[in-house]
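Notes follow the structure.
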Amino acid sequence: MADTAADLPEAAGRRFADGAFTSGLTVPDFAACLQMGLEPVGFVQGFCVMQWQWYGMGSPYGTFGVPYRGGTSGYSETWQCPHGFVSAEHRGWGQNYEQSWIEDAWTTGFASACGRMVEEASAVGAHGVVGVVDTTEPLAGQGVLEFRVQGTAVKVAGGPTPAEGRPWTTYLAGQRLAKLIEAGYAPVSIAASVASVRVWAYCITAYLTGGTGQSWSRQVTGAEIEQTSKAHMAVRQIAREHVRAQLAGDTLHGAAMATSDRELGEGDVELQCILRGNRVRRFKEFDPMPAPRPTVRLL
Amino acid sequence: MSEAGHLDTPGAAPVDMKKEMLDAATVLSGTAPARSGPKGRSTSTTSDLSIDEEIALHSIGWEPIELVCGVSLHSIPMGVWNWGQGEITWASNAYASAFAAATDRIHRQCAKAGGHGVVGVHVEPTVHRNHVDIALTGTAVRPVSSKALSAEAVFVSDLSGRDFALLTTSGWAPVGLAVGASFVYAPRRTAGVAIKQKSQNVELTNFTEAMYSARESAMERMQRTAIAMRGSGVVEVKVTEGPMDFAHHAIGFAAYGTVVRLVADAHQPLEVRMVLPLDDPVLAFDATSLRGG
């Protein structure tokens with residue numbers, strides 16, 4: 001699918017030109033938007049369906065006999081067995097590494113869906129998209145992932161055309177958007193990133209995760225599982241760095257960090273962290289409101 | 001905006017939201033320059049606070065600076081969940097150690113970002129058969145444009161930005177997170193007692209006693225931590241308790257909350273104003289009440 005407004009389905013163009021607006025806003029959000037001079041013009045969506053395999057293009061699996069990464073860019077750490085012997089049963093070496101091919105695939109899916117939503121908004125002459133909701137779900141069984149981004153395109157009454165003709169986007173709508181504006185922030189865009197880290201456990205990690213450390217070394221029993229702890233810290237750090245790279249000096253507001261893991265064996269795990277939030281820019285000087293006055297509601 | 005009290009402030013001019021939105025749109029169009037943050041600061045920040053929380057923080061002279069986290073996983077040896085007597089110390093210690101290590105990491109991230117503390121910390125504890133995972137995520141904050149502190153001096157709190165502002169206004173300060181956890185075996189019943197209880201609806205005292213035992217140990221540990229921090233008390237205590245999914249004869253009890261200390265000479269009474277909302281909540285009639293039962 002090309003990324004120009006001219007490539008919108010013909011029916012979409014007719015529908016948007018019909019006159020009546022469509023919107024995903026609740027009635028309170030709708031009322032708050034009107035109060036701010038935002039006029040809804042259309043419910044806009046963007047989709048992207050991606051082939052989704054953990055061993056996708058760019059992964060080291062199948063390329064070498066051992067799936068360890070070495071000398072690649074991104075996060076990577078290795079651990080050596082302290083026991084000093086070699087055996088097929090004994091994991092003599094462990095590694096944590098960033099799975100950039102998974103991050104790239106996710107970023108492509110999300111950015112394409114988001115870009116298509118913005119393209120629709122641009123086609124109807126909107127200045128921005130409010131109340132954005134994004135979802136990522138398996139489609140048609142395993143191995144296929146659908147990225148969906150949707151929101152309500154709005155015009156700012158009497159407002160200038162957005163920079164480069166590209167409408168701004170925000171997860172906020174209604175009262176929360178009004179408060180954001182009143183606090184001095186203008187919504188620039190939604191920001192989202194993913195980080196993926198694979199843990200190939202070495203012997204100590206495998207023993208500790210399985211609770212069998214005491215067979216090998218009394219002192220490690222009950223200890224911290226250092227390799228996995230570091231992977232958890234790293235996956236969050238990478239997600240933050242990816243989002244920071246999108247900010248270009250702006251602020252990330254109202255972020256949500258969601259981390260999930262997929263156990264693959266004793267100590268072996270794949271971690272994923274998705275960080276999303278609102279990229280905002282200060283449009284007026286810092287002017288804090290007076291301290292809120294506590295109230296008691298009489299019901 | 002009435003929640004923030006801005007429009008309610010006597011003498012404050014009504015906010016022209018259309019003009020504000022237009023100003024924002026003008027900056028976004030690139031025809032007007034963006035403004036800098038507090039005291040001319042233009043550094044980019046990240047935060048998971050809501051706009052309400054951020055406004056509340058700004059109103060007391062604080063600002064968010066960075067999203068920070070701390071994670072730690074500690075091992076529990078195999079076999080400790082089998083039948084036994086008393087406390088399962090391996091599990092209790094693993095929980096405490098994982099929490100301490102995760103807290104230490106979030107402290108260091110906060111200090112590195114220049115924060116004086118972390119607010120709105122989400123605590124995600126997970127107890128598996130062979131390991132305990134603790135993940136803490138929150139936003140580092142500081143008084144506007146103040147200097148950085150050492151990692152030992154910063155506080156970590158699970159209070160929201162709004163609660164933090166309210167606490168600060170009343171002359172109190174959060175000191176840190178206190179946690180207590182205990183895992184206890186429910187003692188085995190004799191065959192005779194088990195058969196006898198099976199046919200009657202009677203209290204299973206072994207479980208009740210295990211629950212009390214775990215609770216007392218956990219609460220005592222949490223209180224001891226608060227005292228070690230020289231706190232006056234613990235607020236917003238959250239409790240999880242019950243049998244473990246993978247070992248129903250073992251009872252776990254975990255409690256955590258924010259340790260607070262009075263920093264003003266005395267508690268500052270708040271000038272609370274009573275309001276009578278005119279949006280009538282639907283209390284007079286509830287369709288579910290017609291269903292009976």
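In the structure tokens, the first chain shown is A, the next is B, and so on; residue numbers restart at 1 for each chain, and ligands run from 1 in the order shown.
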
Select residues of chain B: the criterion is any atom within 6 Å of an atom of chain A, counting only C-alpha atoms; output as a PDB file with N, CA and C atoms, in the first residue's frame.
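Below you can see part_7.pdb, which holds the result:
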ATOM      1  N   ALA B   4      -8.420  20.727  38.885  1.00  0.00           N
ATOM      2  CA  ALA B   4      -7.134  21.317  39.262  1.00  0.00           C
ATOM      3  C   ALA B   4      -7.315  22.573  40.095  1.00  0.00           C
ATOM      4  N   GLY B   5      -8.535  23.001  40.222  1.00  0.00           N
ATOM      5  CA  GLY B   5      -8.790  24.147  41.075  1.00  0.00           C
ATOM      6  C   GLY B   5      -8.510  25.481  40.413  1.00  0.00           C
ATOM      7  N   MET B  17     -10.142  28.297  26.219  1.00  0.00           N
ATOM      8  CA  MET B  17      -9.566  27.056  25.692  1.00  0.00           C
ATOM      9  C   MET B  17      -9.374  27.107  24.184  1.00  0.00           C
ATOM     10  N   LYS B  18     -10.261  27.826  23.490  1.00  0.00           N
ATOM     11  CA  LYS B  18     -10.119  27.907  22.027  1.00  0.00           C
ATOM     12  C   LYS B  18      -8.826  28.632  21.655  1.00  0.00           C
ATOM     13  N   LEU B  22      -5.563  27.079  19.784  1.00  0.00           N
ATOM     14  CA  LEU B  22      -5.063  27.751  18.575  1.00  0.00           C
ATOM     15  C   LEU B  22      -3.570  28.055  18.712  1.00  0.00           C
ATOM     16  N   ALA B  24      -1.488  26.358  20.514  1.00  0.00           N
ATOM     17  CA  ALA B  24      -0.797  25.067  20.407  1.00  0.00           C
ATOM     18  C   ALA B  24      -0.664  24.675  18.938  1.00  0.00           C
ATOM     19  N   LEU B  28       2.589  23.914  16.509  1.00  0.00           N
ATOM     20  CA  LEU B  28       2.706  22.658  15.757  1.00  0.00           C
ATOM     21  C   LEU B  28       2.823  22.899  14.252  1.00  0.00           C
ATOM     22  N   SER B  29       2.352  24.046  13.787  1.00  0.00           N
ATOM     23  CA  SER B  29       2.453  24.329  12.344  1.00  0.00           C
ATOM     24  C   SER B  29       3.862  24.810  11.989  1.00  0.00           C
ATOM     25  N   GLY B  30       4.654  25.084  13.013  1.00  0.00           N
ATOM     26  CA  GLY B  30       6.030  25.525  12.766  1.00  0.00           C
ATOM     27  C   GLY B  30       6.150  27.021  12.556  1.00  0.00           C
ATOM     28  N   ALA B  34       8.714  26.751  19.781  1.00  0.00           N
ATOM     29  CA  ALA B  34       8.325  26.053  21.010  1.00  0.00           C
ATOM     30  C   ALA B  34       8.931  26.794  22.190  1.00  0.00           C
ATOM     31  N   ARG B  35       8.351  26.614  23.362  1.00  0.00           N
ATOM     32  CA  ARG B  35       8.853  27.268  24.572  1.00  0.00           C
ATOM     33  C   ARG B  35       9.680  26.288  25.381  1.00  0.00           C
ATOM     34  N   GLY B  37      11.101  24.644  29.115  1.00  0.00           N
ATOM     35  CA  GLY B  37      10.477  24.170  30.336  1.00  0.00           C
ATOM     36  C   GLY B  37      10.752  25.099  31.496  1.00  0.00           C
ATOM     37  N   PRO B  38      10.574  24.594  32.734  1.00  0.00           N
ATOM     38  CA  PRO B  38      10.814  25.418  33.908  1.00  0.00           C
ATOM     39  C   PRO B  38      12.230  25.980  33.911  1.00  0.00           C
ATOM     40  N   SER B  44      14.654  17.120  27.186  1.00  0.00           N
ATOM     41  CA  SER B  44      13.501  16.260  26.959  1.00  0.00           C
ATOM     42  C   SER B  44      13.286  15.347  28.168  1.00  0.00           C
ATOM     43  N   THR B  45      12.054  15.155  28.576  1.00  0.00           N
ATOM     44  CA  THR B  45      11.751  14.298  29.730  1.00  0.00           C
ATOM     45  C   THR B  45      10.802  13.184  29.324  1.00  0.00           C
ATOM     46  N   THR B  46      10.757  12.136  30.144  1.00  0.00           N
ATOM     47  CA  THR B  46       9.789  11.058  29.918  1.00  0.00           C
ATOM     48  C   THR B  46       9.059  10.811  31.230  1.00  0.00           C
ATOM     49  N   SER B  47       7.791  10.449  31.145  1.00  0.00           N
ATOM     50  CA  SER B  47       7.020  10.254  32.370  1.00  0.00           C
ATOM     51  C   SER B  47       5.809   9.379  32.097  1.00  0.00           C
ATOM     52  N   ASP B  48       5.434   8.573  33.089  1.00  0.00           N
ATOM     53  CA  ASP B  48       4.200   7.787  32.935  1.00  0.00           C
ATOM     54  C   ASP B  48       3.077   8.375  33.790  1.00  0.00           C
ATOM     55  N   LEU B  49       3.262   9.598  34.225  1.00  0.00           N
ATOM     56  CA  LEU B  49       2.221  10.251  35.024  1.00  0.00           C
ATOM     57  C   LEU B  49       1.087  10.735  34.121  1.00  0.00           C
ATOM     58  N   SER B  50      -0.121  10.776  34.681  1.00  0.00           N
ATOM     59  CA  SER B  50      -1.248  11.333  33.928  1.00  0.00           C
ATOM     60  C   SER B  50      -1.126  12.852  33.950  1.00  0.00           C
ATOM     61  N   HIS B  58       3.330  20.107  39.382  1.00  0.00           N
ATOM     62  CA  HIS B  58       3.743  21.475  39.037  1.00  0.00           C
ATOM     63  C   HIS B  58       3.263  22.468  40.091  1.00  0.00           C
ATOM     64  N   SER B  59       2.057  22.228  40.595  1.00  0.00           N
ATOM     65  CA  SER B  59       1.467  23.188  41.532  1.00  0.00           C
ATOM     66  C   SER B  59       2.236  23.255  42.846  1.00  0.00           C
ATOM     67  N   SER B  72      14.431  -7.341  39.668  1.00  0.00           N
ATOM     68  CA  SER B  72      15.327  -8.374  40.187  1.00  0.00           C
ATOM     69  C   SER B  72      14.583  -9.699  40.308  1.00  0.00           C
ATOM     70  N   LEU B  73      15.289 -10.773  39.982  1.00  0.00           N
ATOM     71  CA  LEU B  73      14.735 -12.116  40.132  1.00  0.00           C
ATOM     72  C   LEU B  73      15.632 -12.879  41.099  1.00  0.00           C
ATOM     73  N   HIS B  74      15.041 -13.500  42.105  1.00  0.00           N
ATOM     74  CA  HIS B  74      15.825 -14.288  43.046  1.00  0.00           C
ATOM     75  C   HIS B  74      15.335 -15.729  43.057  1.00  0.00           C
ATOM     76  N   SER B  75      16.285 -16.607  43.192  1.00  0.00           N
ATOM     77  CA  SER B  75      16.007 -18.040  43.098  1.00  0.00           C
ATOM     78  C   SER B  75      15.433 -18.602  44.403  1.00  0.00           C
ATOM     79  N   ILE B  76      14.553 -19.582  44.266  1.00  0.00           N
ATOM     80  CA  ILE B  76      14.069 -20.356  45.419  1.00  0.00           C
ATOM     81  C   ILE B  76      14.459 -21.808  45.137  1.00  0.00           C
ATOM     82  N   PRO B  77      15.164 -22.453  46.031  1.00  0.00           N
ATOM     83  CA  PRO B  77      15.622 -23.818  45.749  1.00  0.00           C
ATOM     84  C   PRO B  77      14.464 -24.796  45.544  1.00  0.00           C
ATOM     85  N   MET B  78      14.722 -25.790  44.753  1.00  0.00           N
ATOM     86  CA  MET B  78      13.723 -26.822  44.477  1.00  0.00           C
ATOM     87  C   MET B  78      13.373 -27.567  45.769  1.00  0.00           C
ATOM     88  N   ASN B 130      10.121 -21.624  41.649  1.00  0.00           N
ATOM     89  CA  ASN B 130      11.573 -21.603  41.848  1.00  0.00           C
ATOM     90  C   ASN B 130      12.226 -20.225  41.778  1.00  0.00           C
ATOM     91  N   VAL B 272     -10.207  22.354  53.716  1.00  0.00           N
ATOM     92  CA  VAL B 272     -11.078  21.550  52.861  1.00  0.00           C
ATOM     93  C   VAL B 272     -12.379  22.290  52.617  1.00  0.00           C
ATOM     94  N   ARG B 273     -12.794  22.331  51.358  1.00  0.00           N
ATOM     95  CA  ARG B 273     -14.043  22.994  51.022  1.00  0.00           C
ATOM     96  C   ARG B 273     -15.059  21.927  50.631  1.00  0.00           C
ATOM     97  N   MET B 274     -16.266  22.092  51.130  1.00  0.00           N
ATOM     98  CA  MET B 274     -17.286  21.113  50.778  1.00  0.00           C
ATOM     99  C   MET B 274     -17.966  21.524  49.482  1.00  0.00           C
ATOM    100  N   VAL B 275     -18.194  20.540  48.624  1.00  0.00           N
ATOM    101  CA  VAL B 275     -18.881  20.832  47.364  1.00  0.00           C
ATOM    102  C   VAL B 275     -20.086  19.914  47.226  1.00  0.00           C
ATOM    103  N   LEU B 276     -21.093  20.421  46.623  1.00  0.00           N
ATOM    104  CA  LEU B 276     -22.298  19.620  46.375  1.00  0.00           C
ATOM    105  C   LEU B 276     -22.431  19.447  44.865  1.00  0.00           C
TER     106      LEU B 276
END

Picked from segment 69-283 of chain B by DSSP as helix (DSSP H, G or I), as a count of residues only: 66

Å distance separating atom CA of Leu159 of chain B from atom CA of Thr170 of chain A, one decimal place: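 Atom CA of Thr170 of chain A lies at a distance of 26.1 Å from atom CA of Leu159 of chain B.
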
Pairwise distance for atom CA of Ile51 of chain B and atom CA of Ser122 of chain A, rounded to one decimal in Å: 27.3 Å

Contact residues around Gly61 of chain B with only C-alpha atoms at 9 Å, ignoring same-chain residues under 6 positions, as a list of chain:residue names: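 With the cut-off at 9 Å, the set is A:Pro288, B:Arg142, B:Pro143, B:Val144.
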
Save out the residues we just selected, N, CA and C atoms, as a short mmCIF file (atom, residue, chain, number, x, y, z; two decimals), in the first residue's frame.
data_model
loop_
_atom_site.label_atom_id
_atom_site.label_comp_id
_atom_site.auth_asym_id
_atom_site.auth_seq_id
_atom_site.Cartn_x
_atom_site.Cartn_y
_atom_site.Cartn_z
N PRO A 288 2.92 27.14 36.39
CA PRO A 288 2.16 26.16 37.18
C PRO A 288 0.88 26.75 37.72
N ARG B 142 11.57 15.78 40.78
CA ARG B 142 12.44 16.63 41.61
C ARG B 142 11.79 18.02 41.73
N PRO B 143 12.20 18.78 42.75
CA PRO B 143 11.76 20.17 42.79
C PRO B 143 12.32 20.86 41.55
N VAL B 144 11.54 21.75 40.96
CA VAL B 144 11.90 22.35 39.67
C VAL B 144 13.35 22.81 39.63
#

Val199 of chain A environment, 7 Å, only C-alpha atoms, sequence neighbours closer than 5 positions dropped, as a list in words: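 Here the qualifying residues turn out to be Gln95, Asn96, Tyr97, Thr228, Ala231, Asp268, Val269 and Glu270 of chain A.
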
Let's have the selection written as a compact mmCIF listing (two decimals), in the first residue's frame, with N, CA and C atoms.
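File again_11.txt, as written:
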# COMPACT_ATOMS: atom_id res chain seq x y z
N GLN A 95 24.08 -16.25 26.84
CA GLN A 95 24.10 -14.93 26.21
C GLN A 95 22.74 -14.26 26.29
N ASN A 96 22.76 -12.96 26.50
CA ASN A 96 21.58 -12.10 26.34
C ASN A 96 21.84 -11.26 25.11
N TYR A 97 20.87 -11.12 24.24
CA TYR A 97 21.08 -10.21 23.12
C TYR A 97 19.76 -9.63 22.63
N THR A 228 19.08 -13.14 34.01
CA THR A 228 17.69 -12.78 33.67
C THR A 228 17.35 -11.39 34.21
N ALA A 231 18.69 -8.97 31.82
CA ALA A 231 17.90 -8.93 30.59
C ALA A 231 16.65 -8.08 30.79
N ASP A 268 15.76 -20.23 29.72
CA ASP A 268 15.67 -19.58 28.41
C ASP A 268 14.36 -18.80 28.33
N VAL A 269 14.46 -17.57 27.94
CA VAL A 269 13.25 -16.74 27.91
C VAL A 269 13.42 -15.64 26.87
N GLU A 270 12.30 -15.20 26.34
CA GLU A 270 12.31 -14.10 25.39
C GLU A 270 11.50 -12.97 26.03

Shell around Val175 of chain B at 8 Å using only C-alpha atoms, local window under 4 positions removed, as an MDAnalysis selection string: chainID B and resid 155:157 229 231 258:261

Separation of atom CA of Ser73 of chain A from atom CA of Gln53 of chain A in Å: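 Between atom CA of Gln53 of chain A and atom CA of Ser73 of chain A the gap is 21.1 Å.
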
Near-Ala111 of chain A list (10 Å; only C-alpha atoms; drop same-chain fewer than 6 positions) as a list in words: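 Here the answer would be Gly46, Phe47, Cys48, Ala105, Met117, Phe147, Val149, Ala191, Ala192 and Ser193 of chain A.
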
Export, as a PDB file, in the first residue's frame, the selected residues with N, CA and C atoms.
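Everything below was put into part38.pdb:
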ATOM      1  N   GLY A  46      -5.965   2.938  10.504  1.00  0.00           N
ATOM      2  CA  GLY A  46      -4.867   2.411   9.696  1.00  0.00           C
ATOM      3  C   GLY A  46      -4.609   0.974  10.093  1.00  0.00           C
ATOM      4  N   PHE A  47      -4.395   0.116   9.117  1.00  0.00           N
ATOM      5  CA  PHE A  47      -4.149  -1.299   9.395  1.00  0.00           C
ATOM      6  C   PHE A  47      -2.851  -1.728   8.739  1.00  0.00           C
ATOM      7  N   CYS A  48      -2.240  -2.723   9.308  1.00  0.00           N
ATOM      8  CA  CYS A  48      -1.095  -3.369   8.667  1.00  0.00           C
ATOM      9  C   CYS A  48      -1.016  -4.796   9.192  1.00  0.00           C
ATOM     10  N   ALA A 105      10.479  -5.524  12.708  1.00  0.00           N
ATOM     11  CA  ALA A 105       9.187  -5.971  12.162  1.00  0.00           C
ATOM     12  C   ALA A 105       8.040  -5.263  12.880  1.00  0.00           C
ATOM     13  N   MET A 117      -3.296   5.777   9.033  1.00  0.00           N
ATOM     14  CA  MET A 117      -4.333   6.535   9.742  1.00  0.00           C
ATOM     15  C   MET A 117      -4.122   8.036   9.515  1.00  0.00           C
ATOM     16  N   PHE A 147      -1.745  -5.053  13.069  1.00  0.00           N
ATOM     17  CA  PHE A 147      -1.560  -3.779  13.775  1.00  0.00           C
ATOM     18  C   PHE A 147      -2.717  -2.881  13.373  1.00  0.00           C
ATOM     19  N   VAL A 149      -4.504   0.946  14.218  1.00  0.00           N
ATOM     20  CA  VAL A 149      -4.429   2.247  14.899  1.00  0.00           C
ATOM     21  C   VAL A 149      -5.638   3.054  14.440  1.00  0.00           C
ATOM     22  N   ALA A 191       3.900   8.162  20.377  1.00  0.00           N
ATOM     23  CA  ALA A 191       5.242   7.575  20.261  1.00  0.00           C
ATOM     24  C   ALA A 191       5.172   6.165  20.829  1.00  0.00           C
ATOM     25  N   ALA A 192       5.726   5.220  20.113  1.00  0.00           N
ATOM     26  CA  ALA A 192       5.700   3.832  20.588  1.00  0.00           C
ATOM     27  C   ALA A 192       6.942   3.114  20.112  1.00  0.00           C
ATOM     28  N   SER A 193       7.424   2.213  20.949  1.00  0.00           N
ATOM     29  CA  SER A 193       8.591   1.432  20.544  1.00  0.00           C
ATOM     30  C   SER A 193       8.540   0.074  21.213  1.00  0.00           C
TER      31      SER A 193
END

Segment 28-127 of chain A: residues DSSP assigns to strand (DSSP E or B), reported as a list in words: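 DSSP-assigned strand (DSSP E or B) residues in segment 28-127 of chain A: Leu38, Glu39, Pro40, Val41, Gly42, Phe43, Val44, Gln45, Gly46, Phe47, Cys48, Val49, Met50, Gln51, Tyr61, Phe64, Ser76, Glu77, Thr78, Trp79, Gln80, Trp93, Gly94, Gln95, Asn96, Tyr97 and Glu98 of chain A.
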
Among listed residues B:Gly161, B:Asp23, B:Val184, B:Phe246, nearest Thr208 of chain B (using only C-alpha atoms):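 Under the stated criterion, the closest residue is B:Val184.
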
Near-segment 108-118 of chain B list (9 Å; only C-alpha atoms; drop same-chain fewer than 3 positions) as a PyMOL selection string: chain B and resi 64-70+103-105+121+137-143+146-158+174-176
